[in-house]
file structure.txt (compact mmCIF, C-alpha atoms)
# COMPACT_ATOMS: atom_id res chain seq x y z
CA MET A 190 -10.24 -27.19 51.09
CA SER A 191 -10.39 -29.11 54.29
CA ASN A 192 -14.03 -28.35 55.02
CA PRO A 193 -17.04 -27.79 52.83
CA GLN A 194 -18.25 -24.22 52.79
CA LEU A 195 -20.98 -23.35 55.26
CA VAL A 196 -24.10 -22.30 53.40
CA ILE A 197 -27.33 -21.48 55.21
CA HIS A 198 -30.72 -21.02 53.60
CA GLU A 199 -33.82 -19.40 55.04
CA GLU A 200 -35.48 -22.72 55.82
CA GLU A 201 -32.59 -23.96 57.95
CA LEU A 202 -32.13 -20.61 59.64
CA ASN A 203 -35.79 -20.69 60.67
CA GLU A 204 -35.35 -24.16 62.13
CA ILE A 205 -32.27 -23.00 64.02
CA ASN A 206 -34.01 -19.89 65.30
CA ASP A 207 -36.94 -21.98 66.50
CA VAL A 208 -34.63 -24.14 68.58
CA ILE A 209 -32.58 -21.33 70.11
CA GLY A 210 -35.69 -19.20 70.61
CA ARG A 211 -37.23 -21.99 72.65
CA LEU A 212 -33.96 -22.43 74.55
CA LEU A 213 -33.95 -18.71 75.34
CA ASN A 214 -37.28 -19.07 77.14
CA GLU A 215 -36.75 -22.44 78.73
CA ALA A 216 -33.34 -21.52 80.13
CA ASN A 217 -34.56 -18.10 81.26
CA SER A 218 -31.58 -16.53 79.52
CA LYS A 219 -30.98 -13.05 78.08
CA VAL A 220 -29.30 -13.72 74.76
CA ILE A 221 -28.28 -16.75 72.77
CA PHE A 222 -25.80 -16.77 69.90
CA LEU A 223 -24.80 -19.44 67.48
CA VAL A 224 -21.31 -19.00 66.06
CA ASP A 225 -19.32 -20.91 63.49
CA LYS A 226 -15.98 -22.28 64.77
CA ASN A 227 -14.24 -19.87 62.38
CA GLY A 228 -15.78 -16.89 64.15
CA GLN A 229 -18.75 -16.11 61.89
CA LEU A 230 -22.04 -15.32 63.58
CA ILE A 231 -24.78 -17.66 62.35
CA SER A 232 -27.71 -16.39 64.36
CA GLY A 233 -28.76 -14.77 67.60
CA VAL A 234 -31.96 -14.38 69.64
CA GLY A 235 -32.92 -12.26 72.65
CA GLU A 236 -31.44 -8.87 73.48
CA THR A 237 -28.95 -9.06 70.61
CA GLU A 238 -28.99 -5.32 69.84
CA ARG A 239 -27.24 -4.62 73.15
CA PHE A 240 -24.09 -6.40 71.99
CA ASP A 241 -21.42 -6.02 69.37
CA THR A 242 -22.29 -9.40 67.89
CA THR A 243 -19.48 -9.53 65.31
CA SER A 244 -16.79 -9.04 67.95
CA LEU A 245 -18.54 -11.41 70.29
CA ALA A 246 -18.54 -14.12 67.63
CA SER A 247 -14.89 -13.68 66.79
CA LEU A 248 -13.75 -13.68 70.42
CA THR A 249 -15.90 -16.71 71.28
CA ALA A 250 -14.37 -18.64 68.42
CA GLY A 251 -10.89 -17.54 69.54
CA ASN A 252 -11.72 -18.66 73.06
CA ILE A 253 -12.95 -22.06 71.89
CA ALA A 254 -9.92 -22.46 69.63
CA ALA A 255 -7.50 -21.65 72.46
CA THR A 256 -9.29 -23.98 74.86
CA GLY A 257 -9.30 -26.68 72.19
CA GLY A 258 -5.54 -26.25 71.86
CA LEU A 259 -5.19 -26.70 75.62
CA ALA A 260 -7.35 -29.82 75.50
CA LYS A 261 -5.15 -31.40 72.86
CA LEU A 262 -2.03 -30.64 74.92
CA ILE A 263 -3.35 -32.74 77.79
CA GLY A 264 -4.64 -35.47 75.52
CA GLU A 265 -8.34 -34.52 75.41
CA LYS A 266 -10.25 -34.23 72.14
CA GLU A 267 -11.89 -30.96 73.17
CA PHE A 268 -13.46 -29.26 76.15
CA SER A 269 -17.06 -29.18 75.06
CA ILE A 270 -18.33 -26.75 77.71
CA LEU A 271 -16.89 -23.46 78.98
CA PHE A 272 -18.43 -21.40 81.72
CA HIS A 273 -17.54 -17.78 82.54
CA GLU A 274 -18.96 -16.34 85.71
CA GLY A 275 -19.31 -12.58 86.06
CA GLU A 276 -20.70 -10.33 88.79
CA LYS A 277 -24.05 -10.02 87.03
CA ASP A 278 -23.95 -11.89 83.78
CA ASN A 279 -22.58 -15.31 82.99
CA LEU A 280 -21.63 -17.03 79.76
CA HIS A 281 -22.23 -20.69 79.03
CA ILE A 282 -20.38 -21.74 75.89
CA SER A 283 -20.69 -25.19 74.37
CA ILE A 284 -19.75 -26.96 71.15
CA VAL A 285 -22.57 -28.43 69.10
CA ALA A 286 -22.03 -31.22 66.58
CA GLY A 287 -18.28 -30.62 66.76
CA ARG A 288 -18.45 -27.51 64.60
CA VAL A 289 -20.73 -24.75 65.87
CA ILE A 290 -20.61 -22.87 69.15
CA LEU A 291 -23.67 -22.17 71.26
CA VAL A 292 -23.34 -19.14 73.55
CA VAL A 293 -25.91 -18.56 76.28
CA LEU A 294 -25.81 -15.35 78.31
CA PHE A 295 -27.79 -15.41 81.55
CA ASP A 296 -28.02 -13.64 84.89
CA SER A 297 -29.32 -14.45 88.38
CA ARG A 298 -32.84 -15.07 87.07
CA SER A 299 -31.52 -18.39 85.81
CA SER A 300 -28.93 -20.85 87.07
CA LEU A 301 -26.03 -22.81 85.69
CA GLY A 302 -27.86 -26.08 86.34
CA LEU A 303 -30.94 -25.04 84.42
CA VAL A 304 -28.89 -23.68 81.52
CA ARG A 305 -26.82 -26.87 81.30
CA LEU A 306 -29.91 -29.03 81.31
CA ARG A 307 -31.72 -27.07 78.61
CA VAL A 308 -28.62 -26.62 76.48
CA LYS A 309 -28.13 -30.36 76.40
CA LYS A 310 -31.57 -30.94 74.97
CA SER A 311 -31.32 -28.16 72.42
CA SER A 312 -27.84 -29.27 71.37
CA ASP A 313 -29.20 -32.59 70.15
CA GLU A 314 -31.81 -30.81 68.05
CA LEU A 315 -29.25 -28.37 66.66
CA ALA A 316 -26.86 -31.21 65.91
CA ARG A 317 -29.50 -32.84 63.73
CA ILE A 318 -30.12 -29.62 61.82
CA PHE A 319 -26.42 -29.07 61.20
CA GLU A 320 -25.86 -32.65 60.16
CA LYS A 321 -28.54 -32.20 57.53
CA LEU A 322 -27.04 -28.88 56.51
CA MET A 323 -23.53 -30.29 56.13
CA LYS A 324 -24.80 -33.19 54.09
CA LYS A 325 -26.51 -30.74 51.76
CA SER A 326 -23.33 -28.68 51.48
CA GLU A 327 -21.29 -31.73 50.59
CA GLU A 328 -23.75 -32.81 47.95
CA ARG A 329 -23.81 -29.35 46.50
CA GLU A 330 -20.03 -29.27 46.43
CA LYS A 331 -20.01 -32.51 44.45
CA ARG A 332 -22.50 -31.57 41.83
CA GLY A 333 -21.87 -27.82 41.76
CA SER A 334 -24.56 -25.37 42.60
CA PRO A 335 -26.69 -23.83 39.87
CA ASP A 336 -28.13 -21.24 42.24
CA PHE A 337 -24.78 -20.10 43.57
CA PRO A 338 -24.95 -16.29 43.43
CA PHE A 339 -21.26 -15.82 42.78
CA ALA A 340 -20.99 -18.10 39.79
CA GLU A 341 -21.73 -15.26 37.45
CA ILE A 342 -20.00 -12.31 39.04
CA SER A 343 -17.90 -10.32 36.64
CA ASP A 344 -14.62 -8.49 37.13
CA ASP A 345 -16.67 -5.31 37.00
CA ASP A 346 -18.76 -6.41 39.98
CA ILE A 347 -15.59 -6.97 41.96
CA ASP A 348 -14.01 -3.69 40.87
CA ASN A 349 -17.18 -1.80 41.79
CA LEU A 350 -16.82 -2.98 45.39
CA PHE A 351 -13.60 -1.05 45.68
CA SER A 352 -14.54 2.04 43.77
CA ASN A 353 -16.35 3.63 46.70
CA MET B 38 -13.85 -21.17 54.20
CA SER B 39 -16.37 -18.48 53.52
CA PHE B 40 -19.81 -18.47 55.09
CA ILE B 41 -22.81 -17.75 52.88
CA ASN B 42 -26.08 -16.85 54.54
CA TYR B 43 -28.93 -16.88 52.05
CA ALA B 44 -31.44 -15.85 54.69
CA SER B 45 -29.75 -12.53 55.47
CA ARG B 46 -28.05 -12.40 52.04
CA GLU B 47 -24.55 -12.09 53.39
CA ILE B 48 -21.22 -13.54 52.54
CA ASN B 49 -18.37 -13.52 55.05
CA CYS B 50 -14.73 -14.17 54.23
CA LYS B 51 -11.66 -14.41 56.45
CA ILE B 52 -8.32 -12.80 55.59
CA VAL B 53 -5.24 -13.49 57.71
CA TYR B 54 -2.19 -11.19 57.83
CA TYR B 55 0.89 -13.31 58.50
CA GLY B 56 4.56 -12.41 58.94
CA PRO B 57 7.48 -12.16 61.37
CA GLY B 58 7.33 -10.20 64.62
CA LEU B 59 7.23 -6.40 64.26
CA CYS B 60 6.77 -6.53 60.47
CA GLY B 61 3.67 -4.31 60.62
CA LYS B 62 0.63 -6.62 60.49
CA THR B 63 -1.21 -4.78 63.24
CA THR B 64 -0.18 -1.42 61.70
CA ASN B 65 -1.81 -2.51 58.42
CA LEU B 66 -5.08 -3.17 60.23
CA GLN B 67 -4.86 0.05 62.23
CA PHE B 68 -4.46 2.07 59.04
CA ILE B 69 -7.40 0.33 57.38
CA TYR B 70 -9.45 0.97 60.51
CA GLN B 71 -8.57 4.68 60.58
CA GLN B 72 -9.33 5.20 56.90
CA THR B 73 -12.62 3.32 56.70
CA ALA B 74 -15.98 5.05 57.02
CA PRO B 75 -17.66 4.30 60.39
CA ASP B 76 -20.62 2.53 58.77
CA ALA B 77 -18.36 0.13 56.89
CA LYS B 78 -16.38 -1.14 59.83
CA GLY B 79 -16.93 -2.79 63.18
CA LYS B 80 -14.84 -2.44 66.29
CA MET B 81 -11.17 -3.34 66.01
CA ILE B 82 -10.13 -5.81 68.66
CA SER B 83 -6.50 -6.23 69.66
CA LEU B 84 -5.51 -8.95 72.09
CA ALA B 85 -2.09 -7.59 72.92
CA THR B 86 0.44 -7.53 75.75
CA GLU B 87 1.09 -4.43 77.84
CA THR B 88 3.89 -3.51 75.45
CA GLU B 89 1.46 -3.70 72.54
CA ARG B 90 2.82 -6.88 71.05
CA THR B 91 0.05 -9.05 69.62
CA LEU B 92 -0.68 -11.85 72.06
CA PHE B 93 -3.42 -13.76 70.26
CA PHE B 94 -4.85 -11.78 67.35
CA ASP B 95 -6.17 -8.48 66.03
CA PHE B 96 -9.60 -8.54 64.47
CA LEU B 97 -11.26 -6.02 62.17
CA PRO B 98 -14.60 -6.65 60.45
CA LEU B 99 -15.09 -4.71 57.20
CA SER B 100 -18.18 -4.45 55.11
CA LEU B 101 -17.37 -3.60 51.51
CA GLY B 102 -20.76 -3.31 49.88
CA GLU B 103 -22.94 -5.56 47.79
CA ILE B 104 -22.34 -7.97 44.97
CA ARG B 105 -25.43 -9.29 43.24
CA GLY B 106 -27.55 -8.39 46.26
CA PHE B 107 -25.23 -10.06 48.74
CA LYS B 108 -23.54 -8.02 51.47
CA THR B 109 -19.85 -8.74 51.25
CA ARG B 110 -18.01 -8.81 54.56
CA PHE B 111 -14.35 -9.41 55.20
CA HIS B 112 -13.00 -10.36 58.59
CA LEU B 113 -9.37 -9.31 58.90
CA TYR B 114 -7.15 -11.11 61.39
CA THR B 115 -3.46 -10.80 62.25
CA VAL B 116 -1.40 -13.50 63.91
CA PRO B 117 1.15 -12.93 66.68
CA GLY B 118 4.45 -12.79 64.82
CA GLN B 119 6.83 -13.81 67.57
CA VAL B 120 8.23 -17.30 67.02
CA PHE B 121 7.08 -18.78 70.33
CA TYR B 122 3.40 -18.05 69.69
CA ASP B 123 3.17 -20.78 67.08
CA ALA B 124 0.27 -22.61 68.74
CA SER B 125 -1.85 -19.44 68.54
CA ARG B 126 -0.92 -18.84 64.90
CA LYS B 127 -2.20 -22.28 63.93
CA LEU B 128 -5.57 -21.57 65.52
CA ILE B 129 -6.06 -18.30 63.66
CA LEU B 130 -5.44 -19.91 60.28
CA LYS B 131 -8.51 -22.12 60.73
CA GLY B 132 -11.12 -21.39 58.09
CA VAL B 133 -8.95 -18.86 56.25
CA ASP B 134 -10.03 -17.69 52.79
CA GLY B 135 -7.02 -15.58 51.87
CA VAL B 136 -3.55 -14.76 53.20
CA VAL B 137 -1.41 -11.62 53.16
CA PHE B 138 2.24 -12.23 53.93
CA VAL B 139 3.72 -9.02 55.35
CA ALA B 140 7.49 -9.01 54.93
CA ASP B 141 9.86 -6.66 56.75
CA SER B 142 12.08 -5.13 54.05
CA GLN B 143 15.04 -4.46 56.36
CA GLU B 144 18.10 -6.50 55.53
CA GLU B 145 18.55 -7.80 59.09
CA ARG B 146 15.03 -9.28 59.04
CA ILE B 147 15.40 -11.41 55.93
CA ASP B 148 16.02 -14.60 57.92
CA ALA B 149 12.97 -13.87 60.09
CA ASN B 150 10.90 -13.37 56.91
CA ILE B 151 12.01 -16.66 55.42
CA GLU B 152 11.40 -18.52 58.67
CA SER B 153 7.92 -17.03 59.00
CA LEU B 154 7.00 -17.90 55.42
CA GLU B 155 8.09 -21.50 55.95
CA ASN B 156 6.10 -21.55 59.16
CA LEU B 157 3.05 -20.30 57.25
CA ARG B 158 3.33 -23.10 54.73
CA ILE B 159 3.69 -25.75 57.43
CA ASN B 160 0.82 -24.43 59.54
CA LEU B 161 -1.50 -24.20 56.54
CA LYS B 162 -0.62 -27.73 55.55
CA GLU B 163 -1.57 -28.94 59.02
CA GLN B 164 -5.02 -27.45 58.46
CA GLY B 165 -5.29 -29.10 55.05
CA TYR B 166 -4.52 -26.00 52.96
CA ASP B 167 -1.93 -25.48 50.26
CA LEU B 168 -0.51 -21.94 50.10
CA ASP B 169 -0.11 -22.25 46.32
CA LYS B 170 -3.83 -22.85 45.93
CA LEU B 171 -5.07 -20.19 48.34
CA PRO B 172 -5.75 -16.54 47.45
CA TYR B 173 -2.41 -15.13 48.54
CA VAL B 174 -0.47 -11.86 48.17
CA VAL B 175 2.85 -10.56 49.48
CA GLN B 176 3.51 -7.11 50.91
CA TYR B 177 7.04 -5.72 51.24
CA ASN B 178 6.58 -3.38 54.16
CA LYS B 179 8.81 -0.65 55.59
CA ARG B 180 10.04 0.48 52.16
CA ASP B 181 10.75 3.89 53.68
CA LEU B 182 13.48 2.64 55.99
CA PRO B 183 17.09 3.25 54.93
CA GLY B 184 18.16 -0.38 55.47
CA SER B 185 15.55 -1.90 53.19
CA MET B 186 16.58 -4.53 50.64
CA PRO B 187 15.92 -4.13 46.90
CA VAL B 188 12.56 -5.62 45.90
CA GLU B 189 14.24 -8.00 43.41
CA GLU B 190 16.17 -9.65 46.24
CA LEU B 191 13.12 -9.89 48.47
CA ARG B 192 11.14 -11.37 45.61
CA ARG B 193 13.77 -14.05 45.03
CA ASP B 194 13.54 -15.23 48.64
CA LEU B 195 9.91 -14.54 49.50
CA ASN B 196 7.88 -14.69 46.31
CA PRO B 197 9.36 -17.35 44.03
CA THR B 198 5.92 -18.28 42.68
CA GLY B 199 5.20 -14.71 41.58
CA VAL B 200 1.93 -13.97 43.41
CA PRO B 201 0.71 -10.34 43.40
CA GLU B 202 3.14 -8.23 45.45
CA PHE B 203 3.06 -4.72 46.83
CA GLU B 204 5.54 -2.26 48.27
CA ALA B 205 4.21 -0.61 51.38
CA CYS B 206 4.79 1.67 54.29
CA ALA B 207 2.05 0.72 56.73
CA THR B 208 2.65 3.65 59.07
CA THR B 209 1.80 6.16 56.31
CA GLY B 210 -0.63 3.76 54.64
CA GLU B 211 1.19 3.49 51.36
CA GLY B 212 0.32 0.20 49.67
CA VAL B 213 -1.99 -0.92 52.50
CA PHE B 214 -5.30 -0.70 50.63
CA GLU B 215 -3.72 -1.96 47.40
CA THR B 216 -2.70 -5.11 49.28
CA LEU B 217 -6.14 -5.59 50.84
CA LYS B 218 -7.94 -5.05 47.54
CA ALA B 219 -5.72 -7.54 45.77
CA VAL B 220 -6.34 -10.34 48.26
CA ALA B 221 -10.08 -9.58 48.48
CA LYS B 222 -10.31 -9.72 44.72
CA LEU B 223 -8.51 -13.06 44.59
CA ILE B 224 -10.93 -14.45 47.20
CA LEU B 225 -13.97 -13.37 45.22
CA ILE B 226 -12.53 -14.79 42.00
CA ASP B 227 -11.83 -18.01 43.87
CA LEU B 228 -15.44 -18.10 45.11
CA LYS B 229 -16.66 -17.60 41.58
CA LYS B 230 -14.73 -20.43 40.03
CA GLY B 231 -14.70 -22.71 43.05
CA ARG B 232 -18.38 -23.60 43.05

call {"tool": "encode", "arguments": {"input": "structure.txt", "output": "structure tokens"}}
result
Amino acid sequence: MSNPQLVIHEEELNEINDVIGRLLNEANSKVIFLVDKNGQLISGVGETERFDTTSLASLTAGNIAATGGLAKLIGEKEFSILFHEGEKDNLHISIVAGRVILVVLFDSRSSLGLVRLRVKKSSDELARIFEKLMKKSEEREKRGSPDFPFAEISDDDIDNLFSN
Amino acid sequence: MSFINYASREINCKIVYYGPGLCGKTTNLQFIYQQTAPDAKGKMISLATETERTLFFDFLPLSLGEIRGFKTRFHLYTVPGQVFYDASRKLILKGVDGVVFVADSQEERIDANIESLENLRINLKEQGYDLDKLPYVVQYNKRDLPGSMPVEELRRDLNPTGVPEFEACATTGEGVFETLKAVAKLILIDLKKGR
């Protein structure tokens, strides 16, 4: 495989949620999502229940992928920030540590300048967390993981999934 | 590349439906969507043109149940089949865990099938994947049409390595769930032995 598998434990998720929770307040935003580049939602804070988070994650990743394709066509590595302006709500989308996507939804109670400023600071913190996380994943991949929950699944377990 | 979240005890996997234009990839997803209980599925998203040709992708999140206390989720994607959308197809293959190749059984589409399969191999290779090592199944769709080729001939051209294969008619749903189950099973087996 080209990339090690993304595995998140409680401890790291708490660290991540601390950072984006703080960003939510400091940037005066409504919701913040963290999405894997493959379209999997990692975490979200704020008014998350108002949104279809799974679809949001998949479309954000598609958006970033398409924009990344455009960037390559004109000789850029990537466009690290996207901004979508709506009538009421706006989306600020940025790439963190080259592999996760930070989505900040905000309205007129905040401003693009404030969001950009705060996102920059939080991105550095998130980058450190994900660097640590990826290093762990790589190590685990090398030595194999004794606590991997799927190491012992049986054919019956798999068949049971489809019996319903 | 699956995503395992120990905090929320979830595992997410990505399945991509690949194949030539109008072979029935979107129809496969639509049937799965219609037949799945509301609590097991999310919204189906189709980024399509006004004539309902897939422009970027279709997306359907499915939640199958639990294995060893972990919620097992599959994210189903289709690619746009038309030849000139190749750049988009490459993007959708990123992070794929399993592939379904949907072939159009009609005789006049055999060249399009072969071209699409070659394209799949090339695009996977660019992302660092090898089709022969990925969980992968083949579906011979449109078996109900009068001009469909015998399965033996399709197999010779499209499934020389003998991966699991299924005859289907996506509009009526025949073979659709069998195909999905087969690829999901291969992914889970792969997860089991891979780590």

call {"tool": "residues_around", "arguments": {"input": "structure.txt", "residues": "stretch 63-75 of chain B", "least_positions_apart": "3", "cutoff": "8 Å", "atoms": "all atoms listed in the file", "output": "ChimeraX atom specification"}}
result
/B:78-79,81,91,95,97,113,115,207-210,213-214

call {"tool": "atom_distance", "arguments": {"input": "structure.txt", "atom1": "atom CA of B:Phe121", "atom2": "atom CA of B:Glu204"}}
result
27.6 Å

call {"tool": "interface_residues", "arguments": {"input": "structure.txt", "of": "chain B", "to": "chain A", "cutoff": "9 Å", "atoms": "all atoms listed in the file", "output": "ChimeraX atom specification"}}
result
/B:38-45,49-51,79-82,93-94,96-98,101-107,109,112,124-125,128-129,131-133,164-167,218,221-222,225-226,228-232

call {"tool": "atom_distance", "arguments": {"input": "structure.txt", "atom1": "atom CA of B:Ile52", "atom2": "atom CA of A:Ile205"}}
result
27.4 Å

call {"tool": "atom_distance", "arguments": {"input": "structure.txt", "atom1": "atom CA of B:Glu155", "atom2": "atom CA of A:Gly264"}}
result
27.2 Å

call {"tool": "residues_around", "arguments": {"input": "structure.txt", "residues": "A:Glu320", "least_positions_apart": "3", "cutoff": "12 Å", "atoms": "all atoms listed in the file", "output": "JSON, numbers by chain"}}
result
{"A": [195, 201, 285, 286, 287, 288, 289, 312, 313, 314, 315, 316, 317, 323, 324, 325, 326, 327]}

call {"tool": "residues_around", "arguments": {"input": "structure.txt", "residues": "stretch 268-280 of chain A", "least_positions_apart": "3", "cutoff": "8 Å", "atoms": "all atoms listed in the file", "output": "list in words"}}
result
Thr256, Gly257, Ala260, Glu265, Ser283, Ile284, Val292, Val293, Leu294, Phe295, Asp296 and Ser297 of chain A

call {"tool": "closest_residue", "arguments": {"input": "structure.txt", "among": "A:Glu215, A:Glu328, A:Glu238, A:Asp345", "to": "A:Leu306", "atoms": "all atoms listed in the file"}}
result
A:Glu215

call {"tool": "residues_around", "arguments": {"input": "structure.txt", "residues": "A:Asn214", "least_positions_apart": "6", "cutoff": "10 Å", "atoms": "only C-alpha atoms", "output": "PyMOL selection string"}}
result
chain A and resi 220+235+307

call {"tool": "residues_near_point", "arguments": {"input": "structure.txt", "point": "(8.2, -8.1, 51.6)", "cutoff": "9 Å", "atoms": "all atoms listed in the file", "output": "PDB file with C-alpha atoms, in the frame of the given file"}}
result
ATOM      1  CA  PHE B 138       2.240 -12.230  53.930  1.00  0.00           C
ATOM      2  CA  VAL B 139       3.720  -9.020  55.350  1.00  0.00           C
ATOM      3  CA  ALA B 140       7.490  -9.010  54.930  1.00  0.00           C
ATOM      4  CA  ASP B 141       9.860  -6.660  56.750  1.00  0.00           C
ATOM      5  CA  SER B 142      12.080  -5.130  54.050  1.00  0.00           C
ATOM      6  CA  ASN B 150      10.900 -13.370  56.910  1.00  0.00           C
ATOM      7  CA  VAL B 175       2.850 -10.560  49.480  1.00  0.00           C
ATOM      8  CA  GLN B 176       3.510  -7.110  50.910  1.00  0.00           C
ATOM      9  CA  TYR B 177       7.040  -5.720  51.240  1.00  0.00           C
ATOM     10  CA  ASN B 178       6.580  -3.380  54.160  1.00  0.00           C
ATOM     11  CA  LYS B 179       8.810  -0.650  55.590  1.00  0.00           C
ATOM     12  CA  ARG B 180      10.040   0.480  52.160  1.00  0.00           C
ATOM     13  CA  VAL B 188      12.560  -5.620  45.900  1.00  0.00           C
ATOM     14  CA  LEU B 191      13.120  -9.890  48.470  1.00  0.00           C
ATOM     15  CA  ARG B 192      11.140 -11.370  45.610  1.00  0.00           C
ATOM     16  CA  LEU B 195       9.910 -14.540  49.500  1.00  0.00           C
ATOM     17  CA  ASN B 196       7.880 -14.690  46.310  1.00  0.00           C
ATOM     18  CA  GLU B 202       3.140  -8.230  45.450  1.00  0.00           C
ATOM     19  CA  PHE B 203       3.060  -4.720  46.830  1.00  0.00           C
ATOM     20  CA  GLU B 204       5.540  -2.260  48.270  1.00  0.00           C
ATOM     21  CA  ALA B 205       4.210  -0.610  51.380  1.00  0.00           C
TER      22      ALA B 205
END

call {"tool": "axis_aligned_box", "arguments": {"input": "structure.txt", "around": "stretch 279-290 of chain A", "padding_each_side": "3 Å", "output": "lines of an AutoDock Vina configuration file"}}
result
center_x = -20.4
center_y = -23.3
center_z = 73.8
size_x = 10.3
size_y = 21.9
size_z = 24.4
